[in-house]
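K.L.:
Structure: target.cif, mmCIF, C-alpha atoms and all ligand atoms.
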data_entry
#
loop_
_atom_site.label_atom_id
_atom_site.label_comp_id
_atom_site.auth_asym_id
_atom_site.auth_seq_id
_atom_site.Cartn_x
_atom_site.Cartn_y
_atom_site.Cartn_z
CA MET Y 14 0.00 0.00 0.00
CA LEU Y 15 1.38 3.39 -0.93
CA SER Y 16 1.43 6.26 1.54
CA THR Y 17 -1.60 8.53 1.87
CA ARG Y 18 0.72 11.33 0.81
CA ILE Y 19 1.17 9.71 -2.58
CA GLN Y 20 -2.41 8.53 -2.85
CA ASN Y 21 -3.58 12.12 -2.38
CA LEU Y 22 -1.14 13.48 -4.95
CA SER Y 23 -2.41 14.31 -8.45
CA SER Y 24 0.06 13.53 -11.21
CA SER Y 25 1.23 16.36 -13.46
CA PRO Y 26 -1.58 16.71 -16.05
CA THR Y 27 0.58 18.41 -18.66
CA LEU Y 28 3.30 15.79 -18.51
CA SER Y 29 0.79 12.92 -18.76
CA LEU Y 30 -1.05 14.54 -21.66
CA ASN Y 31 2.23 15.03 -23.45
CA ALA Y 32 2.98 11.34 -22.92
CA LYS Y 33 -0.41 10.41 -24.41
CA VAL Y 34 0.28 12.52 -27.48
CA LYS Y 35 3.74 11.00 -27.92
CA GLU Y 36 2.19 7.53 -27.70
CA LEU Y 37 -0.35 8.42 -30.42
CA GLN Y 38 2.49 9.76 -32.54
CA THR Y 39 4.55 6.59 -32.16
CA HIS Y 40 1.50 4.67 -33.40
CA GLY Y 41 1.65 6.71 -36.58
CA GLN Y 42 -1.01 9.35 -35.79
CA ARG Y 43 -0.16 12.89 -36.91
CA VAL Y 44 -0.99 14.95 -33.86
CA ILE Y 45 -0.44 18.70 -33.69
CA ASN Y 46 0.89 18.89 -30.19
CA LEU Y 47 0.23 22.24 -28.54
CA THR Y 48 0.59 20.99 -24.97
CA ALA Y 49 4.32 21.56 -24.55
CA GLY Y 50 5.61 23.50 -21.59
CA GLU Y 51 8.99 23.96 -23.21
CA PRO Y 52 10.47 25.98 -26.09
CA ASP Y 53 10.73 24.28 -29.47
CA PHE Y 54 14.20 25.78 -30.03
CA ASP Y 55 17.71 24.48 -29.55
CA PRO Y 56 19.83 25.89 -26.71
CA PRO Y 57 22.28 28.69 -27.57
CA GLU Y 58 25.37 27.27 -29.29
CA ARG Y 59 27.73 28.72 -26.67
CA LEU Y 60 25.91 26.80 -23.94
CA LYS Y 61 26.12 23.52 -25.85
CA GLN Y 62 29.84 24.00 -26.36
CA ALA Y 63 30.25 24.81 -22.65
CA VAL Y 64 28.69 21.45 -21.72
CA ILE Y 65 31.05 19.58 -24.05
CA GLN Y 66 33.97 21.50 -22.56
CA ALA Y 67 32.81 20.70 -19.00
CA VAL Y 68 32.76 16.98 -19.85
CA GLN Y 69 36.23 17.19 -21.36
CA ASP Y 70 37.51 19.13 -18.37
CA ASN Y 71 36.26 16.35 -16.06
CA TYR Y 72 33.70 18.22 -13.98
CA ASN Y 73 32.58 14.88 -12.60
CA HIS Y 74 32.41 15.35 -8.87
CA TYR Y 75 29.85 16.39 -6.31
CA THR Y 76 29.55 20.14 -6.16
CA PRO Y 77 28.85 22.19 -3.02
CA VAL Y 78 25.19 21.56 -2.10
CA PRO Y 79 24.02 25.13 -2.91
CA GLY Y 80 25.89 25.04 -6.23
CA LEU Y 81 29.29 26.04 -7.65
CA LEU Y 82 30.45 29.33 -6.18
CA LYS Y 83 31.28 30.71 -9.66
CA LEU Y 84 27.74 29.97 -10.81
CA ARG Y 85 26.18 31.62 -7.78
CA GLU Y 86 28.42 34.63 -8.40
CA ALA Y 87 27.23 34.75 -12.01
CA ILE Y 88 23.60 34.57 -10.83
CA ALA Y 89 24.23 37.35 -8.29
CA GLN Y 90 25.68 39.51 -11.09
CA LYS Y 91 22.67 38.77 -13.28
CA TYR Y 92 20.35 40.01 -10.51
CA GLN Y 93 22.39 43.15 -10.01
CA ARG Y 94 22.58 43.92 -13.74
CA GLU Y 95 19.11 42.89 -14.92
CA ASN Y 96 16.84 43.01 -11.90
CA GLN Y 97 18.50 45.66 -9.72
CA ILE Y 98 18.73 43.36 -6.69
CA GLU Y 99 21.88 42.87 -4.64
CA TYR Y 100 22.30 39.22 -3.68
CA GLN Y 101 25.42 37.65 -2.21
CA PRO Y 102 26.39 34.13 -3.36
CA GLU Y 103 25.34 32.78 0.06
CA GLU Y 104 21.85 34.10 -0.62
CA ILE Y 105 21.51 31.85 -3.68
CA ILE Y 106 20.89 28.13 -4.09
CA VAL Y 107 21.08 26.20 -7.34
CA SER Y 108 18.81 23.18 -7.76
CA THR Y 109 17.60 20.69 -10.32
CA GLY Y 110 15.17 23.11 -11.93
CA ALA Y 111 12.92 25.79 -10.50
CA LYS Y 112 10.46 23.04 -9.59
CA GLN Y 113 12.91 21.62 -7.07
CA VAL Y 114 13.57 25.05 -5.59
CA LEU Y 115 9.84 25.62 -5.12
CA TYR Y 116 9.37 22.29 -3.41
CA ASN Y 117 12.42 22.79 -1.18
CA ALA Y 118 11.18 26.25 -0.24
CA LEU Y 119 7.72 25.03 0.72
CA LEU Y 120 9.16 22.20 2.84
CA THR Y 121 11.45 24.72 4.50
CA LEU Y 122 8.77 27.33 5.25
CA VAL Y 123 5.47 25.55 5.80
CA GLU Y 124 4.27 23.96 9.04
CA PRO Y 125 1.37 21.49 8.91
CA GLY Y 126 -1.87 23.47 8.75
CA ASP Y 127 -0.27 26.66 7.40
CA GLU Y 128 -2.10 28.28 4.53
CA VAL Y 129 -0.28 29.17 1.34
CA LEU Y 130 -1.91 31.51 -1.14
CA THR Y 131 -1.78 30.90 -4.85
CA HIS Y 132 -3.98 31.96 -7.72
CA LEU Y 133 -6.40 30.35 -10.16
CA PRO Y 134 -5.80 29.56 -12.98
CA THR Y 135 -2.66 28.08 -11.53
CA TRP Y 136 0.23 25.85 -12.45
CA SER Y 137 -1.07 22.80 -10.57
CA THR Y 138 2.39 21.95 -9.22
CA TYR Y 139 2.02 24.77 -6.67
CA VAL Y 140 -1.12 23.25 -5.21
CA GLU Y 141 0.31 19.73 -5.07
CA GLN Y 142 3.60 20.89 -3.56
CA ILE Y 143 1.80 22.92 -0.87
CA LYS Y 144 -0.15 19.79 0.05
CA LEU Y 145 3.02 17.67 0.08
CA ALA Y 146 4.55 20.14 2.51
CA GLY Y 147 1.54 19.66 4.82
CA GLY Y 148 0.09 23.07 4.04
CA THR Y 149 -3.34 24.08 2.83
CA PRO Y 150 -3.53 25.71 -0.59
CA VAL Y 151 -5.80 28.75 -0.66
CA CYS Y 152 -6.58 29.85 -4.18
CA ILE Y 153 -7.36 33.37 -5.33
CA GLU Y 154 -9.65 33.20 -8.32
CA LEU Y 155 -8.56 35.55 -11.09
CA LYS Y 156 -10.96 36.93 -13.66
CA VAL Y 157 -10.01 37.87 -17.22
CA PRO Y 158 -7.40 39.35 -17.83
CA PHE Y 159 -6.06 37.20 -14.96
CA LYS Y 160 -4.26 39.98 -13.06
CA LEU Y 161 -3.38 39.32 -9.43
CA THR Y 162 -4.06 42.34 -7.20
CA ALA Y 163 -3.24 43.22 -3.60
CA GLU Y 164 -6.95 43.72 -2.98
CA THR Y 165 -7.86 40.14 -3.94
CA ILE Y 166 -4.91 38.76 -1.97
CA ALA Y 167 -5.91 40.72 1.16
CA LYS Y 168 -9.34 39.09 1.19
CA LYS Y 169 -7.80 35.62 1.53
CA ILE Y 170 -5.24 36.31 4.26
CA THR Y 171 -6.00 34.70 7.62
CA LYS Y 172 -4.01 34.16 10.82
CA LYS Y 173 -2.78 30.89 9.31
CA THR Y 174 -1.38 32.40 6.10
CA GLN Y 175 2.34 31.77 5.88
CA ALA Y 176 3.24 32.49 2.27
CA LEU Y 177 2.05 33.77 -1.07
CA ILE Y 178 3.16 32.28 -4.38
CA ILE Y 179 3.18 34.63 -7.35
CA ASN Y 180 4.14 33.80 -10.93
CA TYR Y 181 4.58 36.37 -13.68
CA PRO Y 182 4.64 36.17 -16.64
CA GLY Y 183 2.25 33.42 -15.64
CA ASN Y 184 1.60 29.89 -16.67
CA PRO Y 185 -1.03 29.29 -18.10
CA THR Y 186 -2.22 32.85 -18.79
CA GLY Y 187 0.90 34.79 -19.81
CA ALA Y 188 -0.31 37.64 -17.56
CA VAL Y 189 2.18 39.91 -15.84
CA ILE Y 190 1.80 41.99 -12.68
CA GLU Y 191 2.40 45.70 -13.29
CA PRO Y 192 5.05 47.39 -11.09
CA GLU Y 193 2.45 49.61 -9.35
CA GLU Y 194 0.44 46.53 -8.35
CA LEU Y 195 3.62 44.74 -7.27
CA GLU Y 196 4.31 47.71 -4.96
CA ARG Y 197 0.88 47.29 -3.39
CA ILE Y 198 1.39 43.53 -3.03
CA ALA Y 199 4.82 44.09 -1.45
CA GLU Y 200 3.34 46.55 1.05
CA LEU Y 201 0.62 44.07 2.01
CA VAL Y 202 3.06 41.18 2.39
CA VAL Y 203 5.35 43.20 4.66
CA LYS Y 204 2.42 44.47 6.73
CA ARG Y 205 0.99 40.98 7.20
CA ASN Y 206 4.40 39.41 7.78
CA LEU Y 207 4.16 36.80 5.01
CA TRP Y 208 6.71 35.11 2.79
CA VAL Y 209 6.57 35.56 -0.98
CA ILE Y 210 7.72 32.86 -3.34
CA SER Y 211 8.06 34.69 -6.62
CA ASP Y 212 8.30 32.32 -9.57
CA GLU Y 213 9.90 34.37 -12.35
CA ILE Y 214 10.89 31.49 -14.63
CA TYR Y 215 9.36 33.25 -17.69
CA GLU Y 216 11.00 36.62 -16.89
CA LYS Y 217 12.83 36.79 -20.23
CA ILE Y 218 9.86 35.86 -22.39
CA LEU Y 219 8.08 39.22 -22.47
CA PHE Y 220 6.36 40.90 -25.43
CA ASP Y 221 5.60 44.44 -26.64
CA GLY Y 222 8.88 45.76 -25.20
CA GLY Y 223 7.79 44.83 -21.67
CA ARG Y 224 10.41 44.88 -18.91
CA HIS Y 225 10.40 42.52 -15.96
CA THR Y 226 10.25 43.89 -12.41
CA SER Y 227 11.20 41.53 -9.61
CA ILE Y 228 9.18 42.06 -6.45
CA ALA Y 229 12.38 41.71 -4.39
CA SER Y 230 13.78 44.82 -6.12
CA LEU Y 231 11.12 47.01 -4.50
CA GLY Y 232 12.88 47.55 -1.19
CA GLU Y 233 14.84 45.93 1.60
CA GLU Y 234 11.79 44.89 3.65
CA ILE Y 235 10.15 42.94 0.84
CA LYS Y 236 13.51 41.51 -0.24
CA GLN Y 237 13.90 40.05 3.27
CA ARG Y 238 10.58 38.21 2.84
CA THR Y 239 10.99 36.99 -0.74
CA LEU Y 240 12.44 33.94 -2.41
CA THR Y 241 13.02 34.85 -6.06
CA VAL Y 242 12.85 31.72 -8.19
CA SER Y 243 14.07 31.40 -11.75
CA GLY Y 244 16.17 29.24 -14.03
CA LEU Y 245 17.37 28.52 -17.53
CA SER Y 246 14.79 25.92 -18.60
CA LYS Y 247 12.56 28.28 -20.55
CA SER Y 248 14.89 31.17 -21.42
CA HIS Y 249 17.64 28.91 -22.78
CA ALA Y 250 15.51 26.00 -24.00
CA ILE Y 251 17.17 23.46 -21.70
CA THR Y 252 14.22 22.00 -19.77
CA GLY Y 253 15.88 18.58 -19.71
CA TRP Y 254 19.17 19.81 -18.27
CA ARG Y 255 17.44 20.68 -14.97
CA LEU Y 256 18.89 23.89 -13.71
CA GLY Y 257 17.08 26.48 -11.61
CA TRP Y 258 17.80 28.64 -8.58
CA GLY Y 259 16.32 30.50 -5.68
CA ALA Y 260 17.61 33.76 -4.18
CA GLY Y 261 16.55 35.07 -0.81
CA PRO Y 262 17.56 35.77 2.80
CA LYS Y 263 20.58 33.79 4.00
CA GLU Y 264 18.68 31.96 6.74
CA LEU Y 265 16.10 30.67 4.29
CA ILE Y 266 18.79 29.61 1.81
CA GLU Y 267 20.64 27.79 4.61
CA GLY Y 268 17.44 25.91 5.50
CA ILE Y 269 16.88 24.94 1.87
CA THR Y 270 20.52 23.89 1.58
CA LYS Y 271 20.16 21.62 4.61
CA LEU Y 272 17.18 19.93 2.95
CA GLN Y 273 18.88 19.68 -0.45
CA GLY Y 274 21.94 18.14 1.22
CA GLN Y 275 19.77 15.26 2.41
CA THR Y 276 17.84 14.82 -0.85
CA THR Y 277 19.30 15.51 -4.30
CA SER Y 278 22.65 17.07 -3.21
CA GLY Y 279 22.17 19.59 -6.01
CA ALA Y 280 22.20 20.03 -9.76
CA SER Y 281 24.52 18.21 -12.20
CA SER Y 282 28.16 19.36 -12.03
CA ILE Y 283 28.40 19.45 -15.85
CA VAL Y 284 25.31 21.59 -16.28
CA GLN Y 285 26.34 23.94 -13.47
CA GLN Y 286 29.76 24.46 -14.97
CA ALA Y 287 28.23 25.16 -18.39
CA ALA Y 288 25.57 27.47 -16.96
CA ILE Y 289 28.23 29.95 -15.78
CA SER Y 290 28.47 31.08 -19.40
CA ALA Y 291 24.70 31.46 -19.88
CA PHE Y 292 24.27 34.95 -18.49
CA ALA Y 293 25.94 37.03 -21.16
CA LYS Y 294 23.57 38.68 -23.65
CA SER Y 295 22.44 36.12 -26.19
CA GLU Y 296 21.14 36.94 -29.64
CA GLU Y 297 19.67 33.41 -29.78
CA VAL Y 298 17.52 34.03 -26.70
CA ASN Y 299 16.33 37.37 -28.16
CA ARG Y 300 15.53 35.71 -31.46
CA MET Y 301 13.47 33.03 -29.71
CA VAL Y 302 11.46 35.66 -27.79
CA ARG Y 303 10.80 37.64 -31.00
CA GLU Y 304 9.61 34.46 -32.69
CA PHE Y 305 7.26 33.71 -29.78
CA GLU Y 306 5.92 37.24 -30.04
CA SER Y 307 5.16 36.94 -33.74
CA ARG Y 308 3.42 33.59 -33.17
CA ARG Y 309 1.39 35.16 -30.38
CA ASN Y 310 0.37 38.00 -32.69
CA TYR Y 311 -0.65 35.54 -35.38
CA LEU Y 312 -2.74 33.42 -33.00
CA VAL Y 313 -4.43 36.31 -31.21
CA ASN Y 314 -5.33 37.85 -34.56
CA GLU Y 315 -6.73 34.62 -36.03
CA LEU Y 316 -8.46 33.20 -32.99
CA SER Y 317 -10.08 36.53 -32.02
CA GLN Y 318 -12.07 36.21 -35.23
CA ILE Y 319 -13.73 33.03 -33.95
CA LYS Y 320 -16.60 34.61 -32.09
CA ARG Y 321 -17.22 32.11 -29.33
CA LEU Y 322 -13.60 31.71 -28.27
CA LYS Y 323 -12.58 34.13 -25.52
CA ILE Y 324 -9.05 35.30 -26.15
CA THR Y 325 -6.89 37.19 -23.66
CA GLN Y 326 -3.67 38.49 -25.13
CA PRO Y 327 -0.69 37.07 -23.19
CA GLU Y 328 2.00 39.61 -22.28
CA GLY Y 329 4.70 36.98 -21.92
CA SER Y 330 5.42 33.20 -21.71
CA PHE Y 331 4.44 31.03 -24.68
CA TYR Y 332 0.88 30.19 -23.76
CA LEU Y 333 -2.55 31.37 -24.78
CA PHE Y 334 -5.35 30.67 -22.30
CA VAL Y 335 -8.59 30.48 -24.22
CA GLY Y 336 -12.16 30.48 -22.89
CA VAL Y 337 -14.53 27.91 -24.40
CA GLN Y 338 -17.49 28.32 -22.02
CA GLU Y 339 -19.76 29.36 -24.89
CA LEU Y 340 -18.91 26.21 -26.85
CA LEU Y 341 -19.82 23.68 -24.19
CA ASN Y 342 -22.95 21.68 -24.88
CA GLU Y 343 -24.52 18.26 -24.30
CA LYS Y 344 -21.86 16.52 -26.37
CA TYR Y 345 -18.98 18.34 -24.71
CA PRO Y 346 -20.23 19.46 -21.29
CA THR Y 347 -16.79 20.35 -19.91
CA SER Y 348 -13.57 21.79 -21.31
CA LEU Y 349 -11.95 18.43 -20.64
CA ASP Y 350 -14.51 16.72 -22.93
CA TRP Y 351 -14.10 19.51 -25.46
CA CYS Y 352 -10.31 19.07 -25.58
CA GLU Y 353 -10.67 15.31 -25.93
CA GLY Y 354 -13.11 15.90 -28.80
CA LEU Y 355 -10.59 18.21 -30.45
CA LEU Y 356 -7.87 15.58 -30.14
CA ASP Y 357 -10.07 12.77 -31.48
CA THR Y 358 -11.60 14.77 -34.33
CA GLU Y 359 -8.81 17.08 -35.47
CA GLN Y 360 -5.74 15.50 -33.85
CA ILE Y 361 -4.96 18.77 -32.10
CA ALA Y 362 -3.75 18.46 -28.53
CA VAL Y 363 -4.22 21.34 -26.06
CA VAL Y 364 -4.35 21.21 -22.26
CA PRO Y 365 -7.83 21.53 -20.73
CA GLY Y 366 -8.34 24.27 -18.13
CA GLU Y 367 -9.09 21.57 -15.54
CA ALA Y 368 -5.32 20.96 -15.40
CA PHE Y 369 -4.96 24.53 -14.09
CA LEU Y 370 -8.00 24.22 -11.80
CA ALA Y 371 -9.82 26.54 -14.19
CA PRO Y 372 -12.46 24.62 -16.12
CA GLY Y 373 -14.01 26.33 -19.14
CA TYR Y 374 -10.65 27.07 -20.76
CA PHE Y 375 -7.80 25.43 -22.61
CA ARG Y 376 -4.11 26.27 -22.77
CA LEU Y 377 -2.52 26.38 -26.17
CA SER Y 378 1.28 26.40 -26.21
CA PHE Y 379 2.78 28.31 -29.10
CA ALA Y 380 6.10 26.59 -28.63
CA ALA Y 381 5.30 25.03 -32.00
CA SER Y 382 6.13 25.90 -35.60
CA LEU Y 383 4.04 28.51 -37.41
CA GLU Y 384 3.11 25.83 -39.91
CA ASN Y 385 1.59 23.72 -37.14
CA LEU Y 386 -0.10 26.75 -35.61
CA GLU Y 387 -1.69 27.53 -38.99
CA LYS Y 388 -2.96 23.96 -39.22
CA ALA Y 389 -4.25 24.22 -35.65
CA VAL Y 390 -6.18 27.40 -36.44
CA GLU Y 391 -7.81 25.68 -39.43
CA GLY Y 392 -8.63 22.60 -37.35
CA LEU Y 393 -10.09 24.69 -34.52
CA ARG Y 394 -12.29 26.59 -36.99
CA ARG Y 395 -13.57 23.31 -38.47
CA PHE Y 396 -14.16 21.72 -35.06
CA ILE Y 397 -16.05 24.72 -33.71
CA LYS Y 398 -18.15 25.10 -36.86
CA ALA Y 399 -19.11 21.42 -36.80
CA GLY Y 400 -20.15 21.66 -33.13
CA LEU Y 401 -22.53 24.64 -33.59
N1 LIG S 1 7.40 27.39 -12.85
C1 LIG S 1 6.46 27.46 -13.81
C2 LIG S 1 5.40 28.48 -13.72
C3 LIG S 1 6.49 26.57 -14.89
O1 LIG S 1 5.56 26.65 -15.84
C4 LIG S 1 7.50 25.59 -14.93
C5 LIG S 1 7.54 24.59 -16.01
O2 LIG S 1 6.58 24.29 -16.66
C6 LIG S 1 8.44 25.57 -13.91
C7 LIG S 1 8.38 26.48 -12.88
C8 LIG S 1 9.52 24.51 -13.88
O3 LIG S 1 10.74 24.99 -14.27
P1 LIG S 1 12.04 24.04 -14.20
O4 LIG S 1 12.13 23.34 -15.52
O5 LIG S 1 13.16 25.00 -13.99
O6 LIG S 1 11.86 23.11 -13.08
#
Please express what this file holds, its structure, as structure tokens.
Ligand code: PLP
P.N.:
Amino acid sequence: MLSTRIQNLSSSPTLSLNAKVKELQTHGQRVINLTAGEPDFDPPERLKQAVIQAVQDNYNHYTPVPGLLKLREAIAQKYQRENQIEYQPEEIIVSTGAKQVLYNALLTLVEPGDEVLTHLPTWSTYVEQIKLAGGTPVCIELKVPFKLTAETIAKKITKKTQALIINYPGNPTGAVIEPEELERIAELVVKRNLWVISDEIYEKILFDGGRHTSIASLGEEIKQRTLTVSGLSKSHAITGWRLGWGAGPKELIEGITKLQGQTTSGASSIVQQAAISAFAKSEEVNRMVREFESRRNYLVNELSQIKRLKITQPEGSFYLFVGVQELLNEKYPTSLDWCEGLLDTEQIAVVPGEAFLAPGYFRLSFAASLENLEKAVEGLRRFIKAGL
């Protein structure tokens, strides 16, 4: 018998859907897969060469648990240069992806029964990780255009609230939080003595000339209550290499380090060594973001013309979160049924809103070629027309 902990855990819906699509593909079906949570680009050439070099230079051994000092220094410099935050290397921990940092942080901060605030639609990992840490997830429901505000957060704070998780640009909505609202959120968090876990993994994938503001850059008080989480998975198209980090107050980082020392011991030595070179300006990263932006423009333009789809323009990330409430009927009563119908009829795979605890929507990832996106638009038009 497996533990109750595991019995109560939901498996990652996006990963399992992706597996289903891959299985269909191996059986010869031509599926347009728009479920991916990862860029469809290759990593920058310099980074690939750095990995090969690290192998040749025999970076084979255990690294310090919080990560190679040189890498933490490079991350500290990145924060100073790009995000206007001063972190010391001992205020940074490197882990096997941002996901690991988030989990470590929740285990380090949450006592059984503590409430942790997150938002809906949400990346379901937050909710599952809060539960694994013994906490109670409290979700703030966001309405279109899915902007988190201090006012909505304030309504959910109780005596048991320990932390708030924010994520911008967000998965699955691509929404960002404007600096003025971040100021209000920071003020509230400091006043109510909470922790903020700020997941900024999509910070580089911003459109329309948008600039990222880290909540920890808004003053010393909020910085002392924030764990800034990020990584290279999305910005450098290396989801499989597993490299992310957290930056925050020394005491918190020491706690996370203690936990990491007894679990994974840290990220791969080869990847860490290579990652030191990832922080210089990269034309390849810029090119990828521009390509995402032009795909977003194409999709928003085309799909906005389909009357019953509710489109909200994402400001970053590579996702479009689309409302299908007006298309649900007896045949497809839920967005989950609707997405299954789309897969069966048109061989187009998108992730139903249920995976983000937001039924009535689907998430379309535009980490896919324009050719496939064009086919998807055609298929969606046909599917919707046939269902009316
Ligand atoms: N945070 C968000 C919001 C994500 O969407 C993802 C990946 O889908 C992650 C974190 C995980 O990042 P990593 O690959 O660094 O673990």
K.L.:
Can you build me a table of chain Y residues sitting at most 9 Å from ligand LIG 1 (chain S), with the closest atom pair per residue and its distance in Å to one decimal, using only C-alpha atoms and all ligand atoms, sorted by chain and residue number, as a tab-separated table?
P.N.:
residue	atom	partner	partner_atom	distance
Y:Thr27	CA	S:LIG1	O2	8.6
Y:Ala49	CA	S:LIG1	O2	8.6
Y:Gly50	CA	S:LIG1	O2	5.1
Y:Glu51	CA	S:LIG1	O2	7.0
Y:Ser108	CA	S:LIG1	O5	8.6
Y:Thr109	CA	S:LIG1	O6	6.8
Y:Gly110	CA	S:LIG1	O5	3.4
Y:Ala111	CA	S:LIG1	O5	3.6
Y:Lys112	CA	S:LIG1	O6	3.8
Y:Gln113	CA	S:LIG1	O6	6.3
Y:Val114	CA	S:LIG1	O6	7.9
Y:Leu115	CA	S:LIG1	C7	7.9
Y:Thr135	CA	S:LIG1	C2	8.4
Y:Trp136	CA	S:LIG1	C2	5.9
Y:Thr138	CA	S:LIG1	N1	8.2
Y:Tyr139	CA	S:LIG1	N1	8.6
Y:Asn180	CA	S:LIG1	C2	6.1
Y:Tyr181	CA	S:LIG1	C2	7.9
Y:Pro182	CA	S:LIG1	C2	8.3
Y:Gly183	CA	S:LIG1	C2	6.2
Y:Asn184	CA	S:LIG1	C2	5.0
Y:Pro185	CA	S:LIG1	O1	7.5
Y:Asp212	CA	S:LIG1	N1	6.0
Y:Glu213	CA	S:LIG1	N1	7.4
Y:Ile214	CA	S:LIG1	N1	5.7
Y:Tyr215	CA	S:LIG1	C2	7.4
Y:Val242	CA	S:LIG1	C7	8.3
Y:Ser243	CA	S:LIG1	O5	6.8
Y:Gly244	CA	S:LIG1	O5	5.2
Y:Leu245	CA	S:LIG1	O5	6.5
Y:Ser246	CA	S:LIG1	O4	4.8
Y:Lys247	CA	S:LIG1	O4	7.1
Y:Ile251	CA	S:LIG1	O4	8.0
Y:Thr252	CA	S:LIG1	O4	4.9
Y:Gly253	CA	S:LIG1	O4	7.4
Y:Trp254	CA	S:LIG1	O4	8.3
Y:Arg255	CA	S:LIG1	O4	6.0
Y:Leu256	CA	S:LIG1	O5	5.8
Y:Gly257	CA	S:LIG1	O5	4.8
Y:Trp258	CA	S:LIG1	O5	8.0
Y:Ser330	CA	S:LIG1	O1	8.8
K.L.:
Under the rule that all atoms listed in the file are counted, which of Y:Ile178, Y:Val337, Y:Leu356, Y:Ala250 is the nearest residue to Thr131 of chain Y?
P.N.:
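Checking each candidate against Thr131 of chain Y, we get Y:Ile178 as the closest.
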K.L.:
Using all atoms listed in the file, pick whichever of Y:Arg394, Y:Leu195, Y:Gln101, Y:Ile190 has the shortest atom-to-atom distance to Gln318 of chain Y.
P.N.:
Y:Arg394
K.L.:
At what distance in Å, to one decimal, does atom CA of Glu267 of chain Y lie from atom CA of Trp208 of chain Y?
P.N.:
15.8 Å
K.L.:
Report as a compact mmCIF listing (two decimals) with C-alpha atoms, in the frame of the given file all protein, DNA and RNA residues lying within 8 Å of Gly279 of chain Y, evaluated on only C-alpha atoms, omitting residues in the same chain fewer than 5 positions from it.
P.N.:
# COMPACT_ATOMS: atom_id res chain seq x y z
CA THR Y 76 29.55 20.14 -6.16
CA PRO Y 77 28.85 22.19 -3.02
CA VAL Y 78 25.19 21.56 -2.10
CA PRO Y 79 24.02 25.13 -2.91
CA GLY Y 80 25.89 25.04 -6.23
CA VAL Y 107 21.08 26.20 -7.34
CA SER Y 108 18.81 23.18 -7.76
CA THR Y 109 17.60 20.69 -10.32
CA GLN Y 273 18.88 19.68 -0.45
CA GLY Y 274 21.94 18.14 1.22
K.L.:
Calculate how many Å separate atom CA of Val44 of chain Y from atom CA of Gln360 of chain Y, rounding to one decimal.
P.N.:
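Distance between the two atoms: 4.8 Å.
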K.L.:
Hey, what's within 9 Å of segment 293-303 of chain Y if we count all atoms listed in the file and toss same-chain stuff fewer than 6 positions away? As JSON, numbers by chain, please?
P.N.:
{"Y": [52, 54, 56, 57, 58, 91, 217, 218, 219, 220, 248, 249, 250, 330, 331]}
K.L.:
Of the candidates Y:His225, Y:Leu119, Y:Leu265, Y:Ile45, which one gets nearest to Leu355 of chain Y if we count only C-alpha atoms?
P.N.:
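Among the listed residues, Y:Ile45 lies closest to Leu355 of chain Y.
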K.L.:
Could you pull the residues within 12 Å of Tyr311 of chain Y, counting only C-alpha atoms, minus those fewer than 2 positions along the same chain, as a PyMOL selection string?
P.N.:
chain Y and resi 304-309+313-318+326+333+379+382-384+386-387+389-390
